Amino acid sequence: MSAMLETPPRLQLDRVSKLFGGVHALTDLSLQVAPRQIVGVIGPNGAGKTTTFNVITGAYRASSGAVMLDGKAVTDEPSHRIARAGIMRTFQNIRLFADMTVWEHLLVAQPHTGSALQRLLPTRLANPSAIARAQEVLEFFELGDVRNRLARSLPYGLQRKVEMARAVTARPKLLLLDEPVAGMNHDEAETIRNLMLKLRDDGLSILLIEHDMAFVMNLCDNLYVLDFGVLIAQGRPDEIRVNPAVLDAYLGQAD
Amino acid sequence: MTMSMYYAGIFADVGILLLGALSVYIILSTGQLSLGNAGFMGIGAYLTSWLTVMVGLPLTPSLLIAAIVAGIIGVVVGFPALRLKGIYLAMATLGFGEMVRSFFLNFSAMGGPEGFHGMQHVSTGTIWIWAILVLVLVMVLETSQIWLEIRAVRDDETAAGLVGLNATSIKVGAFGFGAAVAAIAGGLFAHHHVYIEPGNFSFERSIDFVLAVILGGSTVAPGALAGAVILVVLPEYLRFLADWRFAAFGALLIGMLVVRRQGLLDRALLRLALPSSPA
């Protein structure tokens with residue numbers, strides 16, 4: 001309790017920049033996500049939101065600055081190490097594995113479960129903890145009915161759910177969601193919202209990119225607003241709603 | 001007598017081809033096409049023969065040692081080679097295979113162009129014991145976590161990395177495993193024919209391995225078995241076409257790729273045959 005200042009944030013970006021050729025995709029971005037917080041990154045198209053995700057997950061290497069998970073730098077680590085350290089993500093364009101069932105997606109996302117021998121033997125016999133975890137996630141996301149369906153053959157909304165389930169299976173510390181309700185109807189979006197709140201209550205931190213302003217405003221503890229790769233505002237949703245710079249750069253635009 | 005010997009010969013060819021096809025299948029499962037597996041087969045053939053003839057070891061340990069050595073060579077070759085993708089990797093492995101062949105051509109300690117002999121003959125049965133063992137091993141592996149990871153890497157390497165899978169080690173590991181299986185095929189080939197020469201391990205043989213996988217089914221291990229049978233037996237049945245049989249065979253191959261890209265067997269077909277789907 002007294003160590004409030006000493007507890008490092010779950011995720012911290014310290015003056016992160018990303019250049020492509022000479023183009024500044026991201027300039028000196030600093031950002032924090034506390035444990036059990038849902039934080040949103042918003043901004044117009046091309047503002048650098050997905051670039052931010054790509055830098056955090058190691059898909060891109062930051063040109064400068066540091067990314068820290070629980071106070072430990074993960075900058076420049078390869079992406080599979082960052083994932084294993086506890087950062088998982090979903091994609092704006094859903095990226096599920098072709099030719100794999102929903103169930104297989106939940107098993108494959110547990111590369112840390114079991115010894116080398118357990119991972120070489122039939123999962124059904126040798127790796128009960130992986131099975132148990134997959135079952136738990138299957139029930140949490142209410143995907144039991146489509147367990148043995150090929151994930152890519154499912155309706156769009158369910159595919160998003162499967163992708164989120166895959167990301168959660170390995171018990172990450174931080175979940176990055178890239179437009180989790182894009183293209184969804186109100187009911188589907190509401191389901192996702194409730195799942196996110198439950199995950200947050202279970203101790204997960206969530207950073208999300210979203211275009212649906214109503215969705216973000218009602219869900220996030222904190223917002224960061226990007227424009228042309230530069231942070232133009234940050235704060236609680238009610239502060240952002242009335243921030244003149246934000247209104248000018250983003251909300252003022254046709255969207 | 002001659003007839004049964006003829007069939008035993010064909011049957012031995014199928015067994016060797018099955019092992020070779022499995023060696024390609026294992027590597028292909030990670031999305032990498034190797035056109036150089038006859039090279040690993042050659043390494044296995046020469047090394048096993050050296051161990052049995054010159055060192056005096058029994059066949060089984062010789063095969064295992066050759067498999068391990070070829071596996072290590074596979075990993076060493078795999079690391080730089082797997083930085084290449086698609087057609088470039090295929091070309092690099094092709095180069096490796098030809099490199100091995102010309103190495104043995106110049107390696108006079110093992111006969112060079114004269115070839116090498118003195119091995120104890122092994123029966124078709126021995127070949128098939130090994131072939132079935134390796135096939136079953138791969139089929140068991142296909143129900144494991146590792147194989148799911150292999151499939152994930154083939155589907156989407158980036159997404160695989162982002163769920164925590166180390167795509168490089170999975171690909172290199174598969175390359176080493178495939179090389180080891182090819183070496184076993186080579187060792188058995190050498191001891192069945194009791195004579196080897198560098199020409200046995202040419203580019204054409206690498207292509208045969210790939211063809212067997214493509215025809216039989218490139219997404220399930222039993223596809224290698226189906227492909228090996230088709231590739232050896234079908235040309236025999238097409239003998240009535242005389243000189244046209246290879247043309248007919250080529251047409252069949254093209255037809256298969258057009259109507260059924262995944263090859264004869266796939267997961268859906270096997271599920272029909274074995275209704276209880278594995279977890």
# chains A, B, ... in the order shown; residues from 1 in each chain; ligands from 1
>>> interface_residues(of="chain B", to="chain A", cutoff="9 Å", atoms="only C-alpha atoms", output="ChimeraX atom specification")
/B:140-149,151-156,158-167,278-279
>>> residues_around(residues="segment 216-227 of chain A", least_positions_apart="6", cutoff="8 Å", atoms="only C-alpha atoms", output="PyMOL selection string")
chain A and resi 31+37-44+46-49+193+210+233-238+240+246+249-250
>>> closest_residue(among="A:Thr27, A:Gln32, A:Ser17, A:Thr191", to="Arg61 of chain A", atoms="only C-alpha atoms")
A:Ser17
>>> select_by_dssp(residues="segment 67-122 of chain A", states="strand (DSSP E)", output="VMD selection string")
chain A and resid 67 to 69 72 to 73 87 to 89
>>> atom_distance(atom1="atom CA of Tyr237 of chain B", atom2="atom CA of Ser218 of chain B")
23.9 Å
>>> closest_residue(among="B:Ala131, B:Ala182, B:Met119, B:Val14", to="Trp50 of chain B", atoms="only C-alpha atoms")
B:Met119
>>> atom_distance(atom1="atom CA of Ile56 of chain A", atom2="atom CA of Glu163 of chain A")
18.3 Å
>>> residues_around(residues="Val16 of chain A", least_positions_apart="6", cutoff="10 Å", atoms="only C-alpha atoms", output="mmCIF file with C-alpha atoms, in the first residue's frame")
data_model
loop_
_atom_site.group_PDB
_atom_site.id
_atom_site.type_symbol
_atom_site.label_atom_id
_atom_site.label_comp_id
_atom_site.auth_asym_id
_atom_site.auth_seq_id
_atom_site.Cartn_x
_atom_site.Cartn_y
_atom_site.Cartn_z
ATOM 1 C CA LEU A 26 5.737 7.593 -33.950
ATOM 2 C CA THR A 27 7.455 10.435 -32.130
ATOM 3 C CA ASP A 28 8.481 10.323 -28.460
ATOM 4 C CA LEU A 29 5.433 8.449 -27.271
ATOM 5 C CA SER A 30 5.241 7.909 -23.524
ATOM 6 C CA LEU A 31 2.365 5.880 -22.193
ATOM 7 C CA THR A 52 2.473 1.417 -31.372
ATOM 8 C CA VAL A 55 6.571 -1.787 -31.473
ATOM 9 C CA ILE A 56 5.274 -3.093 -28.130
ATOM 10 C CA ALA A 62 11.676 0.893 -31.908
ATOM 11 C CA SER A 63 14.023 3.497 -33.434
ATOM 12 C CA SER A 64 14.521 4.916 -29.958
ATOM 13 C CA GLY A 65 12.960 4.773 -26.521
ATOM 14 C CA ALA A 66 12.058 1.888 -24.238
ATOM 15 C CA VAL A 67 9.159 -0.499 -23.701
ATOM 16 C CA THR A 75 12.600 -3.412 -26.130
#
>>> atom_distance(atom1="atom CA of Ala268 of chain B", atom2="atom CA of Ile150 of chain B")
18.9 Å
>>> residues_around(residues="segment 238-253 of chain B", least_positions_apart="2", cutoff="12 Å", atoms="only C-alpha atoms", output="PyMOL selection string")
chain B and resi 210-216+227+230-236+255-261+263-264
>>> select_by_dssp(residues="segment 17-169 of chain B", states="alpha helix (DSSP H)", output="MDAnalysis selection string")
chainID B and resid 17:28 37:49 59:81 86:106 124:141 145:155 157:162 167:169
